[in-house]
$ cat final.tsv   # TSV, C-alpha atoms (C1' of nucleotides)
chain	number	residue	atom	x	y	z
A	1	MET	CA	9.85	-18.09	31.32
A	2	ASP	CA	10.43	-18.09	27.60
A	3	THR	CA	7.05	-19.72	27.20
A	4	LYS	CA	5.37	-16.71	28.75
A	5	LEU	CA	7.09	-14.45	26.28
A	6	GLU	CA	6.17	-16.73	23.41
A	7	TYR	CA	2.57	-16.57	24.49
A	8	LEU	CA	2.63	-12.79	24.84
A	9	CYS	CA	4.18	-12.51	21.38
A	10	GLN	CA	1.42	-14.62	19.92
A	11	GLN	CA	-1.29	-12.60	21.62
A	12	ILE	CA	0.19	-9.30	20.46
A	13	ILE	CA	0.35	-10.52	16.87
A	14	GLU	CA	-3.21	-11.73	17.00
A	15	PHE	CA	-4.36	-8.47	18.54
A	16	TYR	CA	-2.50	-6.48	15.92
A	17	ASP	CA	-3.89	-8.52	13.04
A	18	LYS	CA	-7.43	-8.24	14.29
A	19	ILE	CA	-7.23	-4.48	14.71
A	20	SER	CA	-5.69	-4.31	11.28
A	21	SER	CA	-8.59	-6.18	9.70
A	22	TRP	CA	-11.09	-4.12	11.62
A	23	GLU	CA	-9.47	-0.88	10.51
A	24	GLN	CA	-9.36	-1.98	6.89
A	25	GLU	CA	-13.02	-2.91	6.99
A	26	VAL	CA	-14.13	0.29	8.67
A	27	VAL	CA	-12.11	2.56	6.43
A	28	LYS	CA	-13.55	0.92	3.34
A	29	GLU	CA	-17.00	2.08	4.43
A	30	SER	CA	-15.86	5.67	4.73
A	31	GLY	CA	-14.95	6.03	1.05
A	32	LEU	CA	-11.38	6.99	1.91
A	33	THR	CA	-8.35	4.82	1.33
A	34	PRO	CA	-6.48	3.54	4.38
A	35	SER	CA	-3.62	5.91	3.62
A	36	GLN	CA	-5.93	8.87	3.35
A	37	MET	CA	-7.62	8.04	6.63
A	38	HIS	CA	-4.27	7.65	8.31
A	39	ALA	CA	-3.23	11.05	6.97
A	40	ILE	CA	-6.42	12.61	8.30
A	41	GLU	CA	-5.76	11.14	11.72
A	42	ILE	CA	-2.27	12.61	11.78
A	43	ILE	CA	-3.32	16.01	10.46
A	44	GLY	CA	-6.27	16.18	12.82
A	45	HIS	CA	-4.10	15.29	15.75
A	46	ALA	CA	-1.52	17.92	14.86
A	47	GLU	CA	-4.03	20.66	13.95
A	48	GLU	CA	-1.68	21.74	11.17
A	49	LEU	CA	1.65	20.48	9.87
A	50	ARG	CA	4.00	20.82	6.94
A	51	MET	CA	4.02	18.37	4.03
A	52	LYS	CA	7.46	17.25	5.12
A	53	GLU	CA	6.30	16.50	8.65
A	54	LEU	CA	3.34	14.54	7.35
A	55	ALA	CA	5.68	12.52	5.12
A	56	GLU	CA	7.96	11.76	8.06
A	57	GLN	CA	5.14	10.70	10.33
A	58	MET	CA	3.72	8.42	7.67
A	59	GLY	CA	7.07	7.01	6.60
A	60	LEU	CA	6.52	8.11	2.99
A	61	THR	CA	8.33	10.38	0.57
A	62	THR	CA	7.19	13.94	0.00
A	63	GLY	CA	6.36	13.02	-3.58
A	64	THR	CA	3.83	10.51	-2.35
A	65	ILE	CA	2.41	13.02	0.12
A	66	THR	CA	1.93	15.56	-2.66
A	67	VAL	CA	-0.25	13.11	-4.55
A	68	MET	CA	-2.14	12.03	-1.45
A	69	VAL	CA	-2.86	15.58	-0.33
A	70	ASP	CA	-3.99	16.36	-3.88
A	71	GLY	CA	-6.54	13.58	-3.49
A	72	LEU	CA	-7.66	14.71	-0.06
A	73	GLU	CA	-7.99	18.27	-1.30
A	74	LYS	CA	-10.06	17.08	-4.25
A	75	GLN	CA	-12.36	15.36	-1.77
A	76	GLY	CA	-12.59	18.57	0.22
A	77	ALA	CA	-11.11	17.01	3.35
A	78	VAL	CA	-7.97	19.11	3.67
A	79	GLN	CA	-6.64	22.46	2.57
A	80	ARG	CA	-3.16	23.69	1.79
A	81	LYS	CA	-2.08	26.91	3.49
A	82	ARG	CA	1.11	28.85	2.99
A	83	HIS	CA	3.55	28.91	5.85
A	84	GLU	CA	3.89	32.51	7.01
A	85	VAL	CA	7.52	32.22	8.00
A	86	ASP	CA	9.05	29.64	5.65
A	87	ARG	CA	7.72	30.17	2.18
A	88	ARG	CA	9.10	26.86	0.94
A	89	SER	CA	6.78	25.07	3.30
A	90	ILE	CA	3.10	24.37	2.93
A	91	LEU	CA	0.78	23.70	5.82
A	92	VAL	CA	-1.96	21.13	5.62
A	93	VAL	CA	-5.10	21.55	7.71
A	94	LEU	CA	-8.42	19.75	7.94
A	95	THR	CA	-11.50	21.41	6.49
A	96	ASP	CA	-14.85	21.04	8.24
A	97	LYS	CA	-15.48	17.98	6.13
A	98	GLY	CA	-12.08	16.62	7.08
A	99	LYS	CA	-12.89	17.18	10.74
A	100	GLU	CA	-16.06	15.19	10.26
A	101	PHE	CA	-14.06	12.26	8.90
A	102	PHE	CA	-11.69	12.65	11.82
A	103	ASP	CA	-14.42	12.78	14.45
A	104	GLU	CA	-16.41	9.92	12.98
A	105	HIS	CA	-13.35	7.76	12.85
A	106	HIS	CA	-12.50	8.59	16.42
A	107	GLN	CA	-15.99	7.58	17.45
A	108	LEU	CA	-15.41	4.23	15.80
A	109	HIS	CA	-12.13	3.81	17.61
A	110	MET	CA	-13.87	4.51	20.87
A	111	LYS	CA	-16.59	2.03	20.07
A	112	LEU	CA	-13.99	-0.61	19.26
A	113	THR	CA	-12.12	0.13	22.47
A	114	GLN	CA	-15.32	-0.24	24.42
A	115	GLU	CA	-16.13	-3.56	22.78
A	116	LEU	CA	-12.61	-4.85	23.21
A	117	SER	CA	-12.52	-4.00	26.88
A	118	SER	CA	-16.06	-5.09	27.61
A	119	SER	CA	-14.89	-8.31	29.22
A	120	LEU	CA	-12.30	-6.58	31.40
A	121	SER	CA	-12.85	-5.25	34.89
A	122	ALA	CA	-12.00	-1.64	35.72
A	123	LYS	CA	-8.91	-2.92	37.45
A	124	GLU	CA	-7.85	-4.90	34.41
A	125	VAL	CA	-8.38	-1.87	32.19
A	126	GLY	CA	-6.09	0.05	34.50
A	127	TYR	CA	-3.36	-2.58	34.33
A	128	LEU	CA	-3.73	-2.80	30.58
A	129	SER	CA	-3.46	0.95	30.06
A	130	SER	CA	-0.44	1.04	32.28
A	131	ALA	CA	1.25	-1.80	30.43
A	132	LEU	CA	0.55	-0.22	27.05
A	133	THR	CA	1.90	3.11	28.25
A	134	LYS	CA	5.11	1.48	29.41
A	135	MET	CA	5.50	-0.45	26.17
A	136	ASN	CA	4.85	2.64	24.09
A	137	LEU	CA	7.81	4.26	25.77
A	138	GLN	CA	9.96	1.27	24.92
A	139	ILE	CA	9.69	1.48	21.17
B	1	MET	CA	-15.04	6.52	33.60
B	2	ASP	CA	-15.21	7.63	30.02
B	3	THR	CA	-11.84	9.26	30.50
B	4	LYS	CA	-10.31	5.89	31.27
B	5	LEU	CA	-11.67	4.50	28.04
B	6	GLU	CA	-10.46	7.52	26.11
B	7	TYR	CA	-7.00	6.96	27.52
B	8	LEU	CA	-7.04	3.26	26.70
B	9	CYS	CA	-8.16	4.05	23.16
B	10	GLN	CA	-5.28	6.47	22.74
B	11	GLN	CA	-2.76	3.96	24.08
B	12	ILE	CA	-4.04	1.21	21.82
B	13	ILE	CA	-3.78	3.45	18.76
B	14	GLU	CA	-0.27	4.50	19.69
B	15	PHE	CA	0.72	0.90	20.30
B	16	TYR	CA	-0.77	-0.18	17.00
B	17	ASP	CA	0.92	2.61	15.06
B	18	LYS	CA	4.29	1.89	16.57
B	19	ILE	CA	4.11	-1.80	15.81
B	20	SER	CA	3.00	-0.91	12.32
B	21	SER	CA	6.04	1.29	11.75
B	22	TRP	CA	8.32	-1.30	13.26
B	23	GLU	CA	6.91	-4.03	11.03
B	24	GLN	CA	7.20	-1.89	7.93
B	25	GLU	CA	10.82	-1.10	8.73
B	26	VAL	CA	11.76	-4.68	9.51
B	27	VAL	CA	10.07	-6.14	6.46
B	28	LYS	CA	11.83	-3.68	4.19
B	29	GLU	CA	15.16	-5.18	5.29
B	30	SER	CA	14.03	-8.67	4.36
B	31	GLY	CA	13.57	-7.92	0.67
B	32	LEU	CA	9.94	-9.00	0.78
B	33	THR	CA	6.97	-6.69	0.52
B	34	PRO	CA	4.72	-6.32	3.57
B	35	SER	CA	2.01	-8.32	1.80
B	36	GLN	CA	4.40	-11.11	0.92
B	37	MET	CA	5.66	-11.32	4.48
B	38	HIS	CA	2.15	-11.38	5.79
B	39	ALA	CA	1.32	-14.20	3.40
B	40	ILE	CA	4.36	-16.15	4.57
B	41	GLU	CA	3.28	-15.75	8.16
B	42	ILE	CA	-0.16	-17.10	7.38
B	43	ILE	CA	1.09	-19.97	5.24
B	44	GLY	CA	3.75	-20.89	7.77
B	45	HIS	CA	1.23	-20.88	10.55
B	46	ALA	CA	-1.19	-23.08	8.63
B	47	GLU	CA	1.46	-25.45	7.24
B	48	GLU	CA	-0.52	-25.61	4.02
B	49	LEU	CA	-3.69	-23.97	2.78
B	50	ARG	CA	-5.67	-23.36	-0.36
B	51	MET	CA	-5.38	-20.17	-2.37
B	52	LYS	CA	-8.94	-19.36	-1.44
B	53	GLU	CA	-8.24	-19.70	2.26
B	54	LEU	CA	-5.18	-17.51	1.96
B	55	ALA	CA	-7.27	-14.88	0.17
B	56	GLU	CA	-9.90	-14.96	2.91
B	57	GLN	CA	-7.40	-14.69	5.71
B	58	MET	CA	-5.71	-11.75	4.04
B	59	GLY	CA	-8.91	-10.01	3.04
B	60	LEU	CA	-7.94	-10.02	-0.64
B	61	THR	CA	-9.41	-11.46	-3.82
B	62	THR	CA	-8.11	-14.71	-5.29
B	63	GLY	CA	-6.89	-12.77	-8.30
B	64	THR	CA	-4.61	-10.78	-6.06
B	65	ILE	CA	-3.44	-13.93	-4.32
B	66	THR	CA	-2.59	-15.52	-7.64
B	67	VAL	CA	-0.24	-12.67	-8.45
B	68	MET	CA	1.26	-12.61	-4.97
B	69	VAL	CA	1.90	-16.34	-4.89
B	70	ASP	CA	3.44	-16.05	-8.37
B	71	GLY	CA	5.88	-13.57	-6.86
B	72	LEU	CA	6.62	-15.71	-3.82
B	73	GLU	CA	7.14	-18.72	-6.04
B	74	LYS	CA	9.52	-16.77	-8.23
B	75	GLN	CA	11.49	-15.90	-5.09
B	76	GLY	CA	11.53	-19.56	-4.12
B	77	ALA	CA	9.67	-18.98	-0.88
B	78	VAL	CA	6.56	-20.99	-1.55
B	79	GLN	CA	5.43	-23.82	-3.75
B	80	ARG	CA	2.08	-24.71	-5.28
B	81	LYS	CA	0.86	-28.27	-4.76
B	82	ARG	CA	-2.21	-29.86	-6.18
B	83	HIS	CA	-4.97	-30.73	-3.81
B	84	GLU	CA	-5.39	-34.50	-3.86
B	85	VAL	CA	-9.11	-34.45	-3.28
B	86	ASP	CA	-10.40	-31.26	-4.86
B	87	ARG	CA	-8.65	-30.73	-8.14
B	88	ARG	CA	-9.92	-27.18	-8.49
B	89	SER	CA	-7.93	-26.24	-5.43
B	90	ILE	CA	-4.26	-25.53	-5.13
B	91	LEU	CA	-2.33	-25.82	-1.91
B	92	VAL	CA	0.39	-23.38	-1.02
B	93	VAL	CA	3.27	-24.47	1.19
B	94	LEU	CA	6.51	-22.88	2.32
B	95	THR	CA	9.75	-24.10	0.81
B	96	ASP	CA	12.87	-24.35	2.96
B	97	LYS	CA	13.71	-20.81	1.97
B	98	GLY	CA	10.19	-19.73	2.88
B	99	LYS	CA	10.59	-21.38	6.27
B	100	GLU	CA	13.76	-19.39	6.76
B	101	PHE	CA	11.88	-16.16	6.13
B	102	PHE	CA	9.19	-17.35	8.50
B	103	ASP	CA	11.59	-18.31	11.28
B	104	GLU	CA	13.69	-15.18	10.96
B	105	HIS	CA	10.62	-13.03	11.13
B	106	HIS	CA	9.38	-14.88	14.15
B	107	GLN	CA	12.70	-14.28	15.84
B	108	LEU	CA	12.27	-10.57	15.21
B	109	HIS	CA	8.78	-10.67	16.67
B	110	MET	CA	10.13	-12.36	19.76
B	111	LYS	CA	12.88	-9.79	20.05
B	112	LEU	CA	10.35	-6.98	19.79
B	113	THR	CA	8.12	-8.62	22.38
B	114	GLN	CA	11.07	-8.91	24.70
B	115	GLU	CA	11.99	-5.26	24.24
B	116	LEU	CA	8.43	-4.11	24.63
B	117	SER	CA	7.91	-6.03	27.83
B	118	SER	CA	11.33	-5.26	29.27
B	119	SER	CA	9.89	-2.67	31.63
B	120	LEU	CA	7.12	-4.93	32.85
B	121	SER	CA	7.26	-7.26	35.83
B	122	ALA	CA	6.39	-10.93	35.42
B	123	LYS	CA	3.08	-10.16	37.07
B	124	GLU	CA	2.36	-7.34	34.66
B	125	VAL	CA	3.21	-9.57	31.72
B	126	GLY	CA	0.70	-12.06	33.07
B	127	TYR	CA	-2.04	-9.44	33.35
B	128	LEU	CA	-1.23	-8.12	29.91
B	129	SER	CA	-1.37	-11.53	28.28
B	130	SER	CA	-4.63	-12.24	29.99
B	131	ALA	CA	-6.15	-8.94	28.88
B	132	LEU	CA	-5.01	-9.44	25.30
B	133	THR	CA	-6.43	-12.95	25.26
B	134	LYS	CA	-9.79	-11.68	26.47
B	135	MET	CA	-9.81	-8.87	23.94
B	136	ASN	CA	-8.87	-11.20	21.12
B	137	LEU	CA	-11.98	-13.20	21.87
B	138	GLN	CA	-14.06	-10.06	21.69
B	139	ILE	CA	-13.32	-9.15	18.10
C	1	DC	C1'	-27.02	-35.79	-16.63
C	2	DA	C1'	-27.67	-30.64	-16.74
C	3	DA	C1'	-27.30	-26.57	-14.16
C	4	DA	C1'	-25.26	-24.11	-10.64
C	5	DA	C1'	-21.48	-23.27	-7.70
C	6	DT	C1'	-16.61	-23.09	-6.70
C	7	DA	C1'	-11.47	-22.41	-7.30
C	8	DC	C1'	-8.13	-20.49	-9.71
C	9	DC	C1'	-6.17	-17.65	-13.48
C	10	DT	C1'	-5.98	-13.71	-16.76
C	11	DT	C1'	-6.66	-9.14	-18.18
C	12	DG	C1'	-7.32	-4.19	-18.02
C	13	DA	C1'	-7.65	-0.43	-15.14
C	14	DC	C1'	-6.43	2.39	-11.26
C	15	DA	C1'	-4.19	3.90	-6.95
C	16	DA	C1'	0.01	3.98	-4.01
C	17	DT	C1'	4.54	4.27	-3.94
C	18	DC	C1'	9.45	5.44	-4.98
C	19	DA	C1'	13.55	7.57	-7.06
C	20	DA	C1'	15.24	11.13	-9.57
C	21	DA	C1'	15.16	15.56	-11.46
C	22	DC	C1'	13.41	20.26	-10.88
C	23	DA	C1'	12.04	25.07	-9.03
C	24	DA	C1'	11.56	28.10	-5.31
C	25	DT	C1'	13.14	29.49	-1.02
C	26	DA	C1'	16.20	29.55	3.07
C	27	DC	C1'	20.60	29.15	5.26
C	28	DT	C1'	25.71	29.60	5.77
C	29	DG	C1'	30.26	30.93	5.80
C	30	DA	C1'	33.84	33.53	3.82
D	1	DT	C1'	26.95	40.60	0.97
D	2	DC	C1'	26.46	36.90	-1.88
D	3	DA	C1'	27.79	32.46	-3.83
D	4	DG	C1'	27.28	27.96	-2.76
D	5	DT	C1'	24.62	24.55	-0.33
D	6	DA	C1'	20.55	22.66	1.86
D	7	DT	C1'	15.66	22.19	2.25
D	8	DT	C1'	10.75	21.97	0.70
D	9	DG	C1'	7.42	20.68	-2.30
D	10	DT	C1'	6.19	19.18	-7.10
D	11	DT	C1'	6.51	16.52	-11.30
D	12	DT	C1'	7.50	12.47	-13.92
D	13	DG	C1'	8.22	7.65	-15.16
D	14	DA	C1'	8.36	3.12	-13.52
D	15	DT	C1'	6.86	-0.51	-10.48
D	16	DT	C1'	3.73	-2.84	-7.45
D	17	DG	C1'	-0.68	-4.04	-5.21
D	18	DT	C1'	-5.19	-4.26	-5.84
D	19	DC	C1'	-9.85	-5.05	-7.80
D	20	DA	C1'	-13.64	-6.33	-10.96
D	21	DA	C1'	-14.97	-8.94	-14.58
D	22	DG	C1'	-14.64	-12.66	-17.49
D	23	DG	C1'	-12.67	-17.36	-18.61
D	24	DT	C1'	-11.59	-22.40	-17.68
D	25	DA	C1'	-11.57	-26.56	-15.12
D	26	DT	C1'	-13.72	-29.01	-11.58
D	27	DT	C1'	-17.19	-30.20	-8.15
D	28	DT	C1'	-21.79	-30.23	-6.25
D	29	DT	C1'	-26.70	-30.38	-6.56
D	30	DG	C1'	-31.25	-31.30	-8.06
$ encode --input "final.tsv" --output "structure tokens"
Amino acid sequence: MDTKLEYLCQQIIEFYDKISSWEQEVVKESGLTPSQMHAIEIIGHAEELRMKELAEQMGLTTGTITVMVDGLEKQGAVQRKRHEVDRRSILVVLTDKGKEFFDEHHQLHMKLTQELSSSLSAKEVGYLSSALTKMNLQI
Amino acid sequence: MDTKLEYLCQQIIEFYDKISSWEQEVVKESGLTPSQMHAIEIIGHAEELRMKELAEQMGLTTGTITVMVDGLEKQGAVQRKRHEVDRRSILVVLTDKGKEFFDEHHQLHMKLTQELSSSLSAKEVGYLSSALTKMNLQI
DNA sequence: CAAAATACCTTGACAATCAAACAATACTGA
DNA sequence: TCAGTATTGTTTGATTGTCAAGGTATTTTG
């Protein structure tokens, strides 16, 4: 009973650590920092969002986001746009170059997913997706 | 076919991100930095290991590990011991206080695992563990 | 034994982060 | 309406995490 949970816990940690290492390695190749890549993922997923929203989603202060977006802008990956309604706010969007980073990284995620699941049957993939979906609702 | 993989990829990323946020939040409460906690987990799991091994497992340079272990030693969480055979090497071990950190953090991991899996049947937990185990071998 | 390799430490530099203070803008309630 | 308050983003100063490069002590190798 408890043993099963202990085992699951151990497997989750190992899975998490391995993805973490993989991500760190892959991001290093891209020339972006892990934080920057994470920001690009969030911005790309949202299409456009305010600095404040980006800060909240990344669990950082707006001061930190200002600096990070400065860096991403300098690299030509994102662009600041004024918010038409609320002039205090600033919208961040991906440039074409930013979208390239985003797409390339997504390709890598897909490749990893494929490799990870290569030893699972279609049925097992189904169960796994279902379990992950349920767990994602739980947290 | 490809859609299934796309969905799995998305669920994995979401799962990873949520655990990441959870970990960050939980570690903040402990008074340790994320890196320090990670080091404690690795040291605790290995019982004792050399600075070099710690560096490799964390994907950091030995210079960084020196500073980090200095910090952990200052907090009383770890202790340096000389290596009896190879006198270039230094072994790092957890002190009693370090073991407390380790155990408390493990308790939190178990609690999270329990919460995550609370909406899964015993059968589903079995499938999940099995899938994770297979994936962990793949990476 | 001499040369090369290894393990750890130190130093100097840089990036990420936060808290606090600030400016511009929006909201609110009397 | 408008005075006070809240919100958004930026700046600044300090701290921390990290690396690369160079140094020292020790081990391995030829």
$ atom_distance --input "final.tsv" --atom1 "atom CA of Ile13 of chain A" --atom2 "atom CA of Leu120 of chain A"
19.7 Å
$ residues_near_point --input "final.tsv" --point "(8.1, 0.5, -8.2)" --cutoff "10 Å" --atoms "only C-alpha atoms (C1' of nucleotides)" --output "list of chain:residue names"
C:DA16, C:DT17, C:DC18, C:DA19, D:DG13, D:DA14, D:DT15, D:DT16
$ closest_residue --input "final.tsv" --among "C:DA3, C:DA30, C:DA23, C:DC9" --to "chain A" --atoms "all atoms listed in the file"
C:DA23
$ closest_atom_pairs --input "final.tsv" --of "chain C" --to "chain B" --cutoff "10 Å" --atoms "all atoms listed in the file" --output "tab-separated table"
residue	atom	partner	partner_atom	distance
C:DT6	C1'	B:Arg88	CA	8.0
C:DA7	C1'	B:Arg88	CA	5.2
C:DC8	C1'	B:Arg88	CA	7.0
C:DC9	C1'	B:Gly63	CA	7.2
C:DT10	C1'	B:Gly63	CA	8.6
$ closest_atom_pairs --input "final.tsv" --of "chain A" --to "chain B" --cutoff "10 Å" --atoms "all atoms listed in the file" --output "Markdown table"
| residue | atom | partner | partner_atom | distance |
| --- | --- | --- | --- | --- |
| A:Met1 | CA | B:Ala122 | CA | 8.9 |
| A:Asp2 | CA | B:Gln114 | CA | 9.6 |
| A:Lys4 | CA | B:Gly126 | CA | 7.9 |
| A:Leu5 | CA | B:Gln114 | CA | 7.0 |
| A:Glu6 | CA | B:Met110 | CA | 6.9 |
| A:Tyr7 | CA | B:Ser129 | CA | 7.4 |
| A:Leu8 | CA | B:Ser129 | CA | 5.4 |
| A:Cys9 | CA | B:Thr113 | CA | 5.6 |
| A:Gln10 | CA | B:His109 | CA | 9.0 |
| A:Gln11 | CA | B:Leu132 | CA | 6.1 |
| A:Ile12 | CA | B:Leu132 | CA | 7.1 |
| A:Ile13 | CA | B:His109 | CA | 8.4 |
| A:Glu14 | CA | B:Asn136 | CA | 7.0 |
| A:Phe15 | CA | B:Asn136 | CA | 5.9 |
| A:Tyr16 | CA | B:Tyr16 | CA | 6.6 |
| A:Asp17 | CA | B:Met58 | CA | 9.7 |
| A:Lys18 | CA | B:Ile139 | CA | 7.1 |
| A:Ile19 | CA | B:Tyr16 | CA | 8.1 |
| A:Ser20 | CA | B:Tyr16 | CA | 8.6 |
| A:Ser21 | CA | B:Gly59 | CA | 7.7 |
| A:Trp22 | CA | B:Ile139 | CA | 8.5 |
| A:Gln24 | CA | B:Gly59 | CA | 8.9 |
| A:Glu25 | CA | B:Gly59 | CA | 9.1 |
| A:His38 | CA | B:Asp17 | CA | 9.9 |
| A:Gln57 | CA | B:Ser21 | CA | 9.6 |
| A:Met58 | CA | B:Ser21 | CA | 8.5 |
| A:Gly59 | CA | B:Ser21 | CA | 7.8 |
| A:His106 | CA | B:Cys9 | CA | 9.2 |
| A:His109 | CA | B:Cys9 | CA | 6.8 |
| A:Met110 | CA | B:Cys9 | CA | 6.2 |
| A:Lys111 | CA | B:Cys9 | CA | 9.2 |
| A:Leu112 | CA | B:Cys9 | CA | 8.4 |
| A:Thr113 | CA | B:Cys9 | CA | 5.6 |
| A:Gln114 | CA | B:Leu5 | CA | 7.0 |
| A:Glu115 | CA | B:Gln138 | CA | 6.9 |
| A:Leu116 | CA | B:Met135 | CA | 5.0 |
| A:Ser117 | CA | B:Met135 | CA | 6.3 |
| A:Ser118 | CA | B:Gln138 | CA | 8.0 |
| A:Ser119 | CA | B:Lys134 | CA | 6.7 |
| A:Leu120 | CA | B:Ala131 | CA | 7.1 |
| A:Ser121 | CA | B:Ala131 | CA | 9.7 |
| A:Ala122 | CA | B:Lys4 | CA | 8.9 |
| A:Glu124 | CA | B:Ala131 | CA | 7.1 |
| A:Val125 | CA | B:Leu8 | CA | 7.6 |
| A:Gly126 | CA | B:Lys4 | CA | 7.9 |
| A:Tyr127 | CA | B:Tyr127 | CA | 7.1 |
| A:Leu128 | CA | B:Leu128 | CA | 5.9 |
| A:Ser129 | CA | B:Leu8 | CA | 5.4 |
| A:Ser130 | CA | B:Leu8 | CA | 8.9 |
| A:Ala131 | CA | B:Leu128 | CA | 6.8 |
| A:Leu132 | CA | B:Gln11 | CA | 6.1 |
| A:Thr133 | CA | B:Gln11 | CA | 6.3 |
| A:Lys134 | CA | B:Ser119 | CA | 6.7 |
| A:Met135 | CA | B:Leu116 | CA | 4.9 |
| A:Asn136 | CA | B:Phe15 | CA | 5.9 |
| A:Leu137 | CA | B:Leu116 | CA | 8.5 |
| A:Gln138 | CA | B:Leu116 | CA | 5.6 |
| A:Ile139 | CA | B:Leu116 | CA | 6.7 |
$ interface_residues --input "final.tsv" --of "chain D" --to "chain B" --cutoff "9 Å" --atoms "all atoms listed in the file" --output "ChimeraX atom specification"
/D:17-19,25-27
$ atom_distance --input "final.tsv" --atom1 "atom CA of Ile42 of chain B" --atom2 "atom CA of Glu23 of chain A"
19.0 Å
$ atom_distance --input "final.tsv" --atom1 "atom C1' of DA4 of chain C" --atom2 "atom C1' of DT28 of chain D"
8.3 Å
$ axis_aligned_box --input "final.tsv" --around "segment 14-25 of chain C" --padding-each-side "6 Å" --output "AutoDock Vina command-line options"
--center_x 4.4 --center_y 15.9 --center_z -6.2 --size_x 33.7 --size_y 39.1 --size_z 22.4
$ closest_residue --input "final.tsv" --among "C:DA21, C:DC27, C:DC1, C:DA13" --to "DG4 of chain D" --atoms "all atoms listed in the file"
C:DC27
$ residues_around --input "final.tsv" --residues "Lys81 of chain A" --least-positions-apart "6" --cutoff "9 Å" --atoms "only C-alpha atoms (C1' of nucleotides)" --output "list in words"
Ile90, Leu91, Val92 and Val93 of chain A
$ write_last_selection --input "final.tsv" --atoms "C-alpha atoms" --output "JSON list (two decimals), keeping the file's coordinate frame"
[["chain", "number", "residue", "atom", "x", "y", "z"],
["A", 90, "ILE", "CA", 3.10, 24.37, 2.93],
["A", 91, "LEU", "CA", 0.78, 23.70, 5.82],
["A", 92, "VAL", "CA", -1.96, 21.13, 5.62],
["A", 93, "VAL", "CA", -5.10, 21.55, 7.71]]
$ residues_near_point --input "final.tsv" --point "(15.9, 26.7, 2.9)" --cutoff "7 Å" --atoms "all atoms listed in the file" --output "mmCIF file with C-alpha atoms (C1' of nucleotides), in the coordinates of the input"
data_model
loop_
_atom_site.group_PDB
_atom_site.id
_atom_site.type_symbol
_atom_site.label_atom_id
_atom_site.label_comp_id
_atom_site.auth_asym_id
_atom_site.auth_seq_id
_atom_site.Cartn_x
_atom_site.Cartn_y
_atom_site.Cartn_z
ATOM 1 C "C1'" DT C 25 13.140 29.490 -1.020
ATOM 2 C "C1'" DA C 26 16.200 29.550 3.070
ATOM 3 C "C1'" DC C 27 20.600 29.150 5.260
ATOM 4 C "C1'" DA D 6 20.550 22.660 1.860
ATOM 5 C "C1'" DT D 7 15.660 22.190 2.250
#
